[in-house]
There are 2 protein chains.
Amino acid sequence: MTYLENLGINAKKAEASIRSISEKKKNDALAAIADILTENADKIIAANAADLENARRNNMSDAMTDRLRLDKKRIEAIAEGVRYVAELPDPVGRILSEKTLPNGLNIRKISVPLGVIGIIFESRPNVTVDAAALCLKSGNVSVLRGGSDAISSNKCLVDLMRLALEKNGINKDVICLVEDTSREAVNDFMKLNRYIDVLIPRGGHGLIQNAVNNSTIPVIQTGEGNCSVYVDASADIGKAVDIVDNGKTQRPSVCNAIENVLVHRDAAEKFLSALEKRWSGKVKIFGDRRTSEYIKIDREATEEDYKTEFLDYMIAVKTVDSLEEAVDFINRCGTKHSECIVTENQDNAARFQREVDAAAVYVNASTRFTDGGEFGLGAEIGISTQKLHARGPMGLEEMTSYKYLINGSGQIRK
Amino acid sequence: MTYLENLGINAKKAEASIRSISEKKKNDALAAIADILTENADKIIAANAADLENARRNNMSDAMTDRLRLDKKRIEAIAEGVRYVAELPDPVGRILSEKTLPNGLNIRKISVPLGVIGIIFESRPNVTVDAAALCLKSGNVSVLRGGSDAISSNKCLVDLMRLALEKNGINKDVICLVEDTSREAVNDFMKLNRYIDVLIPRGGHGLIQNAVNNSTIPVIQTGEGNCSVYVDASADIGKAVDIVDNGKTQRPSVCNAIENVLVHRDAAEKFLSALEKRWSGKVKIFGDRRTSEYIKIDREATEEDYKTEFLDYMIAVKTVDSLEEAVDFINRCGTKHSECIVTENQDNAARFQREVDAAAVYVNASTRFTDGGEFGLGAEIGISTQKLHARGPMGLEEMTSYKYLINGSGQIRK
């Protein structure tokens with residue numbers, strides 16, 4: 001038996017053991033996890049130091065190294081996050097519908113955990129604890145596969161969480177770590193559909209496409225966001241500049257930041273000059289020829305630019321002739337994440353919302369609001385950009401499935 | 001460009017064209033489809049004759065040939081089915097939730113079509129029309145890949161449906177048929193994730209496993225049913241015999257028929273002798289040694305038998321020592337479809353429903369009720385045995401996704 005298969009078998013066993021776990025037991029375990037992490041901050045920092053030393057040897061960029069770093073304050077913040085998850089409503093056991101048929105059969109549809117959730121993610125060790133906590137709260141077993149950059153930190157964090165589970169009388173395999181971080185192991189991991197019910201890849205385009213093309217486990221695609229704002233002919237220019245500026249510069253590295261601006265030719269001159277004034281060089285602008293007639297562009301935009309998630313102070317701009325052209329552009333170049341129209345025309349707003357195929361379609365508001373916290377879901381495991389199961393921010397409820405419970409008194413089918 | 005890629009591109013274009021189709025237009029088109037099928041019954045019967053002639057040459061079994069045959073009455077029944085679908089409530093555009101945040105942002109979650117649905121199925125040509133009608137009603141484009149046995153019938157049926165779409169001003173590619181029924185084409189079809197949003201394989205274990213292992217399109221597994229009834233120590237023996245008999249013999253060829261019976265040792269003697277009396281040889285019984293102490297078995301049951309969907313007058317029986325053993329057996333051998341306990345003990349009933357991992361878990365009723373019609377969903381495209389997206393009978397609502405529409409007045413994130 002291979003290492004991964006053994007891991008899968010243990011995870012599946014752990015799933016059966018927590019299928020009926022009480023809300024109190026889950027919350028107690030989450031509290032214990034929060035406590036054990038803060039109590040062992042020094043140990044975690046020591047483990048993290050090995051990853052940081054390795055990062056230094058590999059010439060990791062300062063920004064990446066910073067994401068990898070754990071200190072007392074960050075560990076306390078991670079623990080606070082776990083305590084916050086414990087406070088959220090239990091998503092399991094909700095009665096989603098109930099009816100009694102004329103023959104007396106009672107049919108209840110109730111929420112249940114998905115089962116075993118595999119999560120593949122990159123460097124940030126805070127994801128390790130966050131994902132494990134959300135899975136535990138929703139009654140799911142987590143099998144975590146973080147990047148090799150954070151393996152020492154992840155081992156330490158997972159060991160501590162498993163200790164907290166054991167102390168609370170819960171099978172420790174409710175939280176599992178894939179310690180083999182080789183590329184081959186990722187590909188083998190994606191074939192464990194006998195043991196893992198759902199795979200959530202969290203990361204860049206390459207990681208997600210690898211999962212889509214090779215996983216035999218059902219995949220939920222999350223977090224690719226090539227988002228656009230369309231400034232309509234009737235747009236309020238002040239709102240448009242605010243929304244575009246907020247979407248691009250408030251936090252450029254996240255998936256709900258914008259990457260493209262489309263502007264109707266009738267609004268182009270006013271809007272573009274106002275935007276140029278607002279940014280005054282802070283953001284690199286790649287534009288089509290018509291855009292360059294109104295403002296100075298850094299270079300001409302290519303088709304590739306329009307399909308690129310810059311995640312940086314760069315934006316691709318296009319002047320369009322119609323709402324229809326904007327919708328077609330978005331449905332062709334976007335990643336079905338978050339899209340926005342700025343307009344004072346109600347018909348255009350409604351048409352844009354109807355015809356754009358994306359998880360979140362905005363009228364006159366920043367795409368930066370696409371977030372489990374902002375949407376009132378409490379927390380999120382990711383933002384789904386596919387249509388099966390869950391779309392947009394995935395909170396605890398989206399981490400459940402359901403089953404039908406049918407109670408009778410001897411009914412048979414005629 | 002390949003034949004299949006071209007088909008995919010056309011289907012995706014058709015999807016955009018019907019994204020905002022009205023309920024009336026969909027229902028008018030469904031009525032037109034029903035009419036055109038009945039008006040052209042002779043043409044359909046002629047096309048079907050070619051398939052039947054081919055079946056004869058290939059020595060197809062009588063049962064299979066009967067499933068393939070279309071006559072005036074069957075065509076009228078198919079058309080009636082389409083008219084029935086038209087009458088069902090529109091699953092698209094439902095407001096699933098709505099809230100207004102303190103900052104004034106209004107967030108609505110509304111149901112939308114999944115997009116383009118690929119369906120792979122086997123011989124029965126009635127599925128062709130049924131699936132296309134359910135997809136159209138739910139605003140989805142269907143790409144149908146039926147078996148080679150029914151290709152002449154399917155071409156005729158799809159040509160007629162596309163004619164009805166065109167006459168109603170709808171892009172005819174809203175219903176597409178994959179005319180290449182080769183094995184290679186099935187495998188290429190499963191890789192069309194750029195154009196197809198969801199793949200529903202309807203058929204046997206081999207077809208479904210091929211999709212799970214090779215599709216890059218998200219798959220919904222349907223229709224594999226290795227269902228069991230567990231007769232508890234406290235069972236009412238009369239109810240138990242009725243439920244087991246109904247589950248096995250009322251329609252043995254369907255996925256919600258039962259394939260295994262587990263009986264608690266304390267109920268074994270009474271229950272098994274009553275069952276033997278009821279069936280008196282009508283059903284072949286494969287049993288374990290303990291079962292053979294109470295009744296005559298046809299042969300000893302193997303582990304393979306317990307995992308086999310017989311779909312015939314055969315059953316595998318096992319005498320068990322406890323509820324726990326029954327639950328473990330079911331979670332190990334079942335396909336997560338429909339499972340039943342017969343018991344007068346409420347605690348055991350609740351425990352069984354909690355611990356058995358299946359789409360439908362019954363207490364004292366026949367598993368034959370797992371059906372979209374019986375559950376009040378109106379119709380069904382299949383019975384999902386997986387946990388992502390939909391579980392159990394999939395009606396029109398389960399053929400939709402959702403999107404968030406967010407309306408503001410210039411809100412930006414702080």
# chains A, B, ... in the order shown; residues from 1 in each chain; ligands from 1
>>> closest_atom_pairs(of="chain A", to="chain B", cutoff="6 Å", atoms="only C-alpha atoms", output="JSON lines")
{"residue": "A:Val212", "atom": "CA", "partner": "B:Thr216", "partner_atom": "CA", "distance": 5.8}
{"residue": "A:Asn213", "atom": "CA", "partner": "B:Thr216", "partner_atom": "CA", "distance": 5.2}
{"residue": "A:Thr216", "atom": "CA", "partner": "B:Asn213", "partner_atom": "CA", "distance": 5.2}
{"residue": "A:Lys239", "atom": "CA", "partner": "B:Gly410", "partner_atom": "CA", "distance": 5.2}
{"residue": "A:Ala359", "atom": "CA", "partner": "B:Lys403", "partner_atom": "CA", "distance": 4.9}
{"residue": "A:Ala360", "atom": "CA", "partner": "B:Tyr404", "partner_atom": "CA", "distance": 4.6}
{"residue": "A:Val361", "atom": "CA", "partner": "B:Leu405", "partner_atom": "CA", "distance": 5.1}
{"residue": "A:Tyr362", "atom": "CA", "partner": "B:Ile406", "partner_atom": "CA", "distance": 4.7}
{"residue": "A:Val363", "atom": "CA", "partner": "B:Asn407", "partner_atom": "CA", "distance": 4.8}
{"residue": "A:Asn364", "atom": "CA", "partner": "B:Gly410", "partner_atom": "CA", "distance": 4.9}
{"residue": "A:Ala365", "atom": "CA", "partner": "B:Gln411", "partner_atom": "CA", "distance": 4.8}
{"residue": "A:Ser366", "atom": "CA", "partner": "B:Ile412", "partner_atom": "CA", "distance": 5.0}
{"residue": "A:Lys387", "atom": "CA", "partner": "B:Ser401", "partner_atom": "CA", "distance": 5.6}
{"residue": "A:Leu388", "atom": "CA", "partner": "B:His389", "partner_atom": "CA", "distance": 5.6}
{"residue": "A:His389", "atom": "CA", "partner": "B:His389", "partner_atom": "CA", "distance": 3.5}
{"residue": "A:Ser401", "atom": "CA", "partner": "B:Lys387", "partner_atom": "CA", "distance": 5.6}
{"residue": "A:Lys403", "atom": "CA", "partner": "B:Ala359", "partner_atom": "CA", "distance": 4.9}
{"residue": "A:Tyr404", "atom": "CA", "partner": "B:Ala360", "partner_atom": "CA", "distance": 4.6}
{"residue": "A:Leu405", "atom": "CA", "partner": "B:Val361", "partner_atom": "CA", "distance": 5.1}
{"residue": "A:Ile406", "atom": "CA", "partner": "B:Tyr362", "partner_atom": "CA", "distance": 4.7}
{"residue": "A:Asn407", "atom": "CA", "partner": "B:Val363", "partner_atom": "CA", "distance": 4.8}
{"residue": "A:Gly408", "atom": "CA", "partner": "B:Asn364", "partner_atom": "CA", "distance": 5.1}
{"residue": "A:Ser409", "atom": "CA", "partner": "B:Asn364", "partner_atom": "CA", "distance": 5.3}
{"residue": "A:Gly410", "atom": "CA", "partner": "B:Asn364", "partner_atom": "CA", "distance": 4.9}
{"residue": "A:Gln411", "atom": "CA", "partner": "B:Ala365", "partner_atom": "CA", "distance": 4.8}
{"residue": "A:Ile412", "atom": "CA", "partner": "B:Ser366", "partner_atom": "CA", "distance": 5.0}
>>> select_by_dssp(residues="stretch 275-384 of chain B", states="alpha helix (DSSP H)", output="PyMOL selection string")
chain B and resi 275-279+289-294+303-306+323-333+346-355
>>> closest_residue(among="B:Leu7, B:Leu68, B:Leu136, B:Gly382", to="B:Ala55", atoms="only C-alpha atoms")
B:Leu68
>>> closest_residue(among="A:Thr249, A:Asn48, A:Asn58, A:Asn256", to="A:Thr222", atoms="only C-alpha atoms")
A:Asn256
>>> residues_around(residues="A:Tyr313", least_positions_apart="5", cutoff="7 Å", atoms="only C-alpha atoms", output="number ranges by chain")
A: 249, 252, 283-284
>>> select_by_dssp(residues="stretch 222-319 of chain A", states="strand (DSSP E)", output="list in words")
Cys227, Ser228, Val229, Tyr230, Val231, Ile258, Glu259, Asn260, Val261, Leu262, Val263, His264, Lys284, Ile285, Phe286, Gly287, Arg299, Glu300, Met314, Ile315, Ala316, Val317, Lys318 and Thr319 of chain A
>>> residues_around(residues="A:Arg67", least_positions_apart="6", cutoff="12 Å", atoms="only C-alpha atoms", output="mmCIF file with C-alpha atoms, in the first residue's frame")
data_model
loop_
_atom_site.group_PDB
_atom_site.id
_atom_site.type_symbol
_atom_site.label_atom_id
_atom_site.label_comp_id
_atom_site.auth_asym_id
_atom_site.auth_seq_id
_atom_site.Cartn_x
_atom_site.Cartn_y
_atom_site.Cartn_z
ATOM 1 C CA ASN A 48 8.743 28.268 10.786
ATOM 2 C CA ASP A 51 11.133 27.243 6.329
ATOM 3 C CA LEU A 52 12.385 30.832 6.395
ATOM 4 C CA ALA A 55 13.407 30.388 1.655
ATOM 5 C CA MET A 60 12.518 33.682 -2.263
ATOM 6 C CA SER A 61 11.215 37.220 -2.859
ATOM 7 C CA ARG A 74 0.221 36.185 13.557
ATOM 8 C CA GLU A 122 0.581 27.100 -1.776
ATOM 9 C CA SER A 123 2.867 28.789 0.712
ATOM 10 C CA ARG A 124 0.836 30.538 3.399
ATOM 11 C CA PRO A 125 0.785 28.417 6.578
ATOM 12 C CA ASN A 126 -2.238 30.289 7.978
ATOM 13 C CA VAL A 127 -4.326 28.512 5.297
ATOM 14 C CA ASP A 149 8.052 25.978 1.138
ATOM 15 C CA ALA A 150 5.975 25.725 4.308
#
>>> residues_around(residues="A:Glu300", least_positions_apart="5", cutoff="6 Å", atoms="only C-alpha atoms", output="tab-separated table (two decimals) with N, CA, C and O atoms, in the first residue's frame")
chain	number	residue	atom	x	y	z
A	286	PHE	N	-2.28	49.51	-19.93
A	286	PHE	CA	-2.13	48.95	-21.27
A	286	PHE	C	-3.46	49.21	-21.97
A	286	PHE	O	-4.52	48.84	-21.43
A	287	GLY	N	-3.44	49.82	-23.15
A	287	GLY	CA	-4.72	50.18	-23.77
A	287	GLY	C	-4.76	49.90	-25.25
A	287	GLY	O	-3.73	49.67	-25.88
A	288	ASP	N	-5.99	49.89	-25.81
A	288	ASP	CA	-6.11	49.75	-27.25
A	288	ASP	C	-5.89	51.13	-27.89
A	288	ASP	O	-5.71	52.13	-27.20
>>> atom_distance(atom1="atom CA of B:Asp62", atom2="atom CA of B:Gly147")
17.3 Å
>>> residues_around(residues="A:Val263", least_positions_apart="6", cutoff="10 Å", atoms="only C-alpha atoms", output="list in words")
Val229, Tyr230, Val231, Asp232, Ala233, Ala235, Ala240, Glu269, Phe271, Leu272, Thr291, Val317, Lys318, Thr319, Val320, Asp321, Ser322, Leu323, Ala326, Ile341 and Val342 of chain A
>>> write_last_selection(atoms="N, CA and C atoms", output="mmCIF file, in the first residue's frame")
data_model
loop_
_atom_site.group_PDB
_atom_site.id
_atom_site.type_symbol
_atom_site.label_atom_id
_atom_site.label_comp_id
_atom_site.auth_asym_id
_atom_site.auth_seq_id
_atom_site.Cartn_x
_atom_site.Cartn_y
_atom_site.Cartn_z
ATOM 1 N N VAL A 229 -14.411 45.944 -15.007
ATOM 2 C CA VAL A 229 -15.458 46.957 -14.802
ATOM 3 C C VAL A 229 -15.792 47.546 -16.166
ATOM 4 N N TYR A 230 -17.091 47.640 -16.484
ATOM 5 C CA TYR A 230 -17.523 48.300 -17.719
ATOM 6 C C TYR A 230 -18.167 49.638 -17.357
ATOM 7 N N VAL A 231 -17.592 50.717 -17.900
ATOM 8 C CA VAL A 231 -18.124 52.057 -17.665
ATOM 9 C C VAL A 231 -19.038 52.405 -18.838
ATOM 10 N N ASP A 232 -20.340 52.414 -18.552
ATOM 11 C CA ASP A 232 -21.350 52.597 -19.588
ATOM 12 C C ASP A 232 -21.411 54.067 -20.042
ATOM 13 N N ALA A 233 -22.085 54.314 -21.166
ATOM 14 C CA ALA A 233 -22.213 55.677 -21.705
ATOM 15 C C ALA A 233 -22.814 56.632 -20.665
ATOM 16 N N ALA A 235 -22.636 56.443 -17.416
ATOM 17 C CA ALA A 235 -22.036 56.300 -16.080
ATOM 18 C C ALA A 235 -21.831 57.644 -15.383
ATOM 19 N N ALA A 240 -17.565 55.960 -11.235
ATOM 20 C CA ALA A 240 -16.764 55.054 -12.065
ATOM 21 C C ALA A 240 -15.295 55.083 -11.641
ATOM 22 N N GLU A 269 -13.710 59.804 -23.125
ATOM 23 C CA GLU A 269 -12.865 60.985 -22.920
ATOM 24 C C GLU A 269 -12.906 61.459 -21.466
ATOM 25 N N PHE A 271 -14.150 59.903 -18.702
ATOM 26 C CA PHE A 271 -13.753 58.911 -17.707
ATOM 27 C C PHE A 271 -12.249 58.686 -17.699
ATOM 28 N N LEU A 272 -11.674 58.475 -18.884
ATOM 29 C CA LEU A 272 -10.245 58.142 -18.947
ATOM 30 C C LEU A 272 -9.369 59.283 -18.433
ATOM 31 N N THR A 291 -8.196 54.049 -26.853
ATOM 32 C CA THR A 291 -7.893 54.542 -25.501
ATOM 33 C C THR A 291 -6.713 55.506 -25.544
ATOM 34 N N VAL A 317 -7.002 48.307 -20.650
ATOM 35 C CA VAL A 317 -8.171 49.158 -20.919
ATOM 36 C C VAL A 317 -8.600 49.011 -22.372
ATOM 37 N N LYS A 318 -9.918 49.009 -22.594
ATOM 38 C CA LYS A 318 -10.428 48.920 -23.965
ATOM 39 C C LYS A 318 -11.638 49.838 -24.107
ATOM 40 N N THR A 319 -11.664 50.612 -25.183
ATOM 41 C CA THR A 319 -12.815 51.452 -25.485
ATOM 42 C C THR A 319 -13.750 50.644 -26.394
ATOM 43 N N VAL A 320 -15.020 50.562 -26.012
ATOM 44 C CA VAL A 320 -15.953 49.714 -26.771
ATOM 45 C C VAL A 320 -17.107 50.545 -27.333
ATOM 46 N N ASP A 321 -17.813 49.957 -28.301
ATOM 47 C CA ASP A 321 -18.893 50.681 -28.978
ATOM 48 C C ASP A 321 -20.260 50.462 -28.348
ATOM 49 N N SER A 322 -20.370 49.436 -27.530
ATOM 50 C CA SER A 322 -21.712 49.100 -27.029
ATOM 51 C C SER A 322 -21.639 48.222 -25.784
ATOM 52 N N LEU A 323 -22.753 48.176 -25.076
ATOM 53 C CA LEU A 323 -22.920 47.258 -23.944
ATOM 54 C C LEU A 323 -22.702 45.821 -24.415
ATOM 55 N N ALA A 326 -19.186 44.903 -24.631
ATOM 56 C CA ALA A 326 -18.616 44.721 -23.289
ATOM 57 C C ALA A 326 -18.983 43.348 -22.722
ATOM 58 N N ILE A 341 -20.795 46.743 -13.872
ATOM 59 C CA ILE A 341 -21.170 47.820 -14.790
ATOM 60 C C ILE A 341 -21.381 49.080 -13.952
ATOM 61 N N VAL A 342 -20.843 50.203 -14.437
ATOM 62 C CA VAL A 342 -21.156 51.494 -13.822
ATOM 63 C C VAL A 342 -22.076 52.206 -14.799
#
>>> closest_residue(among="A:Ser153, A:Thr128, A:Ser384, A:Ser234", to="A:Asp266", atoms="only C-alpha atoms")
A:Ser234
>>> residues_around(residues="A:Lys72", least_positions_apart="5", cutoff="10 Å", atoms="only C-alpha atoms", output="list in words")
Thr38, Asn40, Ala41, Asp42, Ile44, Ile45, Ala77 and Ile78 of chain A
>>> write_last_selection(atoms="N, CA and C atoms", output="short mmCIF file (atom, residue, chain, number, x, y, z; two decimals), in the first residue's frame")
data_model
loop_
_atom_site.label_atom_id
_atom_site.label_comp_id
_atom_site.auth_asym_id
_atom_site.auth_seq_id
_atom_site.Cartn_x
_atom_site.Cartn_y
_atom_site.Cartn_z
N THR A 38 -1.70 28.84 20.54
CA THR A 38 -1.10 29.98 21.25
C THR A 38 -0.12 29.50 22.31
N ASN A 40 1.77 27.00 22.18
CA ASN A 40 2.99 26.47 21.57
C ASN A 40 3.57 27.41 20.52
N ALA A 41 3.33 28.70 20.70
CA ALA A 41 3.80 29.67 19.72
C ALA A 41 5.31 29.56 19.47
N ASP A 42 6.08 29.36 20.54
CA ASP A 42 7.54 29.28 20.38
C ASP A 42 7.95 28.09 19.49
N ILE A 44 6.09 26.69 17.21
CA ILE A 44 5.67 26.97 15.83
C ILE A 44 6.68 27.92 15.16
N ILE A 45 7.11 28.92 15.92
CA ILE A 45 8.06 29.89 15.36
C ILE A 45 9.39 29.21 15.03
N ALA A 77 -3.44 35.68 15.81
CA ALA A 77 -4.51 35.99 14.85
C ALA A 77 -5.10 34.71 14.26
N ILE A 78 -4.22 33.73 13.99
CA ILE A 78 -4.70 32.44 13.47
C ILE A 78 -5.62 31.77 14.49
#
>>> atom_distance(atom1="atom CA of A:Arg183", atom2="atom CA of A:Asn54")
18.3 Å
>>> atom_distance(atom1="atom CA of B:Glu23", atom2="atom CA of B:Cys156")
26.5 Å
>>> closest_residue(among="B:Ala46, B:Met161, B:Met394, B:Ala316", to="B:Ala31", atoms="only C-alpha atoms")
B:Met161
>>> decode(residues="stretch 164-248 of chain A", atoms="C-alpha atoms", output="PDB file, in the first residue's frame")
ATOM      1  CA  ALA A 164      -5.887  18.779  20.381  1.00  0.00           C
ATOM      2  CA  LEU A 165      -8.285  16.422  18.565  1.00  0.00           C
ATOM      3  CA  GLU A 166      -6.971  13.405  20.456  1.00  0.00           C
ATOM      4  CA  LYS A 167      -7.251  15.204  23.792  1.00  0.00           C
ATOM      5  CA  ASN A 168     -10.901  15.825  22.933  1.00  0.00           C
ATOM      6  CA  GLY A 169     -11.601  12.183  22.091  1.00  0.00           C
ATOM      7  CA  ILE A 170     -11.723  12.745  18.337  1.00  0.00           C
ATOM      8  CA  ASN A 171      -9.910  10.560  15.799  1.00  0.00           C
ATOM      9  CA  LYS A 172      -6.782  12.549  14.966  1.00  0.00           C
ATOM     10  CA  ASP A 173      -7.065  11.674  11.278  1.00  0.00           C
ATOM     11  CA  VAL A 174      -9.931  14.173  11.042  1.00  0.00           C
ATOM     12  CA  ILE A 175      -7.058  16.513  10.110  1.00  0.00           C
ATOM     13  CA  CYS A 176      -4.398  14.978   7.840  1.00  0.00           C
ATOM     14  CA  LEU A 177      -1.332  16.482   6.198  1.00  0.00           C
ATOM     15  CA  VAL A 178       0.257  15.151   3.025  1.00  0.00           C
ATOM     16  CA  GLU A 179       3.900  15.293   4.052  1.00  0.00           C
ATOM     17  CA  ASP A 180       5.228  14.267   0.648  1.00  0.00           C
ATOM     18  CA  THR A 181       5.258  17.581  -1.218  1.00  0.00           C
ATOM     19  CA  SER A 182       6.762  16.244  -4.450  1.00  0.00           C
ATOM     20  CA  ARG A 183       5.093  16.936  -7.790  1.00  0.00           C
ATOM     21  CA  GLU A 184       4.425  13.217  -8.332  1.00  0.00           C
ATOM     22  CA  ALA A 185       2.628  13.024  -4.999  1.00  0.00           C
ATOM     23  CA  VAL A 186       0.271  15.866  -6.047  1.00  0.00           C
ATOM     24  CA  ASN A 187      -0.708  13.961  -9.149  1.00  0.00           C
ATOM     25  CA  ASP A 188      -1.242  10.725  -7.215  1.00  0.00           C
ATOM     26  CA  PHE A 189      -3.200  12.654  -4.587  1.00  0.00           C
ATOM     27  CA  MET A 190      -5.644  13.820  -7.269  1.00  0.00           C
ATOM     28  CA  LYS A 191      -6.470  10.198  -8.087  1.00  0.00           C
ATOM     29  CA  LEU A 192      -7.659   9.281  -4.572  1.00  0.00           C
ATOM     30  CA  ASN A 193     -11.358   9.493  -5.473  1.00  0.00           C
ATOM     31  CA  ARG A 194     -12.018   6.281  -3.547  1.00  0.00           C
ATOM     32  CA  TYR A 195     -11.231   8.125  -0.313  1.00  0.00           C
ATOM     33  CA  ILE A 196     -11.625  11.839  -0.996  1.00  0.00           C
ATOM     34  CA  ASP A 197     -15.028  13.285  -1.880  1.00  0.00           C
ATOM     35  CA  VAL A 198     -14.089  16.774  -3.047  1.00  0.00           C
ATOM     36  CA  LEU A 199     -10.863  18.465  -4.096  1.00  0.00           C
ATOM     37  CA  ILE A 200     -10.398  22.208  -3.663  1.00  0.00           C
ATOM     38  CA  PRO A 201      -7.263  23.550  -5.337  1.00  0.00           C
ATOM     39  CA  ARG A 202      -6.397  27.011  -4.005  1.00  0.00           C
ATOM     40  CA  GLY A 203      -3.794  28.759  -6.070  1.00  0.00           C
ATOM     41  CA  GLY A 204      -2.833  29.940  -9.511  1.00  0.00           C
ATOM     42  CA  HIS A 205      -4.025  29.004 -12.988  1.00  0.00           C
ATOM     43  CA  GLY A 206      -1.499  26.174 -13.408  1.00  0.00           C
ATOM     44  CA  LEU A 207      -2.470  24.390 -10.206  1.00  0.00           C
ATOM     45  CA  ILE A 208      -6.182  24.680 -10.954  1.00  0.00           C
ATOM     46  CA  GLN A 209      -5.861  23.517 -14.566  1.00  0.00           C
ATOM     47  CA  ASN A 210      -3.762  20.565 -13.443  1.00  0.00           C
ATOM     48  CA  ALA A 211      -6.576  19.547 -11.083  1.00  0.00           C
ATOM     49  CA  VAL A 212      -9.277  20.041 -13.746  1.00  0.00           C
ATOM     50  CA  ASN A 213      -7.356  17.954 -16.267  1.00  0.00           C
ATOM     51  CA  ASN A 214      -6.035  15.206 -14.018  1.00  0.00           C
ATOM     52  CA  SER A 215      -8.154  14.805 -10.909  1.00  0.00           C
ATOM     53  CA  THR A 216     -10.534  11.879 -10.630  1.00  0.00           C
ATOM     54  CA  ILE A 217     -11.899  13.535  -7.475  1.00  0.00           C
ATOM     55  CA  PRO A 218     -14.663  16.080  -8.156  1.00  0.00           C
ATOM     56  CA  VAL A 219     -12.974  19.506  -8.203  1.00  0.00           C
ATOM     57  CA  ILE A 220     -14.254  22.870  -7.056  1.00  0.00           C
ATOM     58  CA  GLN A 221     -12.348  25.567  -8.931  1.00  0.00           C
ATOM     59  CA  THR A 222     -11.688  28.605  -6.784  1.00  0.00           C
ATOM     60  CA  GLY A 223      -9.911  31.874  -6.810  1.00  0.00           C
ATOM     61  CA  GLU A 224      -9.029  32.711 -10.401  1.00  0.00           C
ATOM     62  CA  GLY A 225     -10.284  36.244 -10.900  1.00  0.00           C
ATOM     63  CA  ASN A 226      -9.822  38.104 -14.163  1.00  0.00           C
ATOM     64  CA  CYS A 227     -12.437  40.710 -13.236  1.00  0.00           C
ATOM     65  CA  SER A 228     -13.598  43.698 -15.311  1.00  0.00           C
ATOM     66  CA  VAL A 229     -15.458  46.957 -14.802  1.00  0.00           C
ATOM     67  CA  TYR A 230     -17.523  48.300 -17.719  1.00  0.00           C
ATOM     68  CA  VAL A 231     -18.124  52.057 -17.665  1.00  0.00           C
ATOM     69  CA  ASP A 232     -21.350  52.597 -19.588  1.00  0.00           C
ATOM     70  CA  ALA A 233     -22.213  55.677 -21.705  1.00  0.00           C
ATOM     71  CA  SER A 234     -24.470  56.992 -18.940  1.00  0.00           C
ATOM     72  CA  ALA A 235     -22.036  56.300 -16.080  1.00  0.00           C
ATOM     73  CA  ASP A 236     -21.562  58.767 -13.227  1.00  0.00           C
ATOM     74  CA  ILE A 237     -17.874  59.511 -13.825  1.00  0.00           C
ATOM     75  CA  GLY A 238     -17.118  60.111 -10.148  1.00  0.00           C
ATOM     76  CA  LYS A 239     -18.558  56.720  -9.152  1.00  0.00           C
ATOM     77  CA  ALA A 240     -16.764  55.054 -12.065  1.00  0.00           C
ATOM     78  CA  VAL A 241     -13.353  56.395 -11.029  1.00  0.00           C
ATOM     79  CA  ASP A 242     -13.945  55.436  -7.383  1.00  0.00           C
ATOM     80  CA  ILE A 243     -15.028  51.902  -8.280  1.00  0.00           C
ATOM     81  CA  VAL A 244     -12.193  51.300 -10.748  1.00  0.00           C
ATOM     82  CA  ASP A 245      -9.613  52.763  -8.375  1.00  0.00           C
ATOM     83  CA  ASN A 246     -10.896  50.689  -5.448  1.00  0.00           C
ATOM     84  CA  GLY A 247     -11.046  47.522  -7.574  1.00  0.00           C
ATOM     85  CA  LYS A 248      -7.484  47.949  -8.817  1.00  0.00           C
TER      86      LYS A 248
END
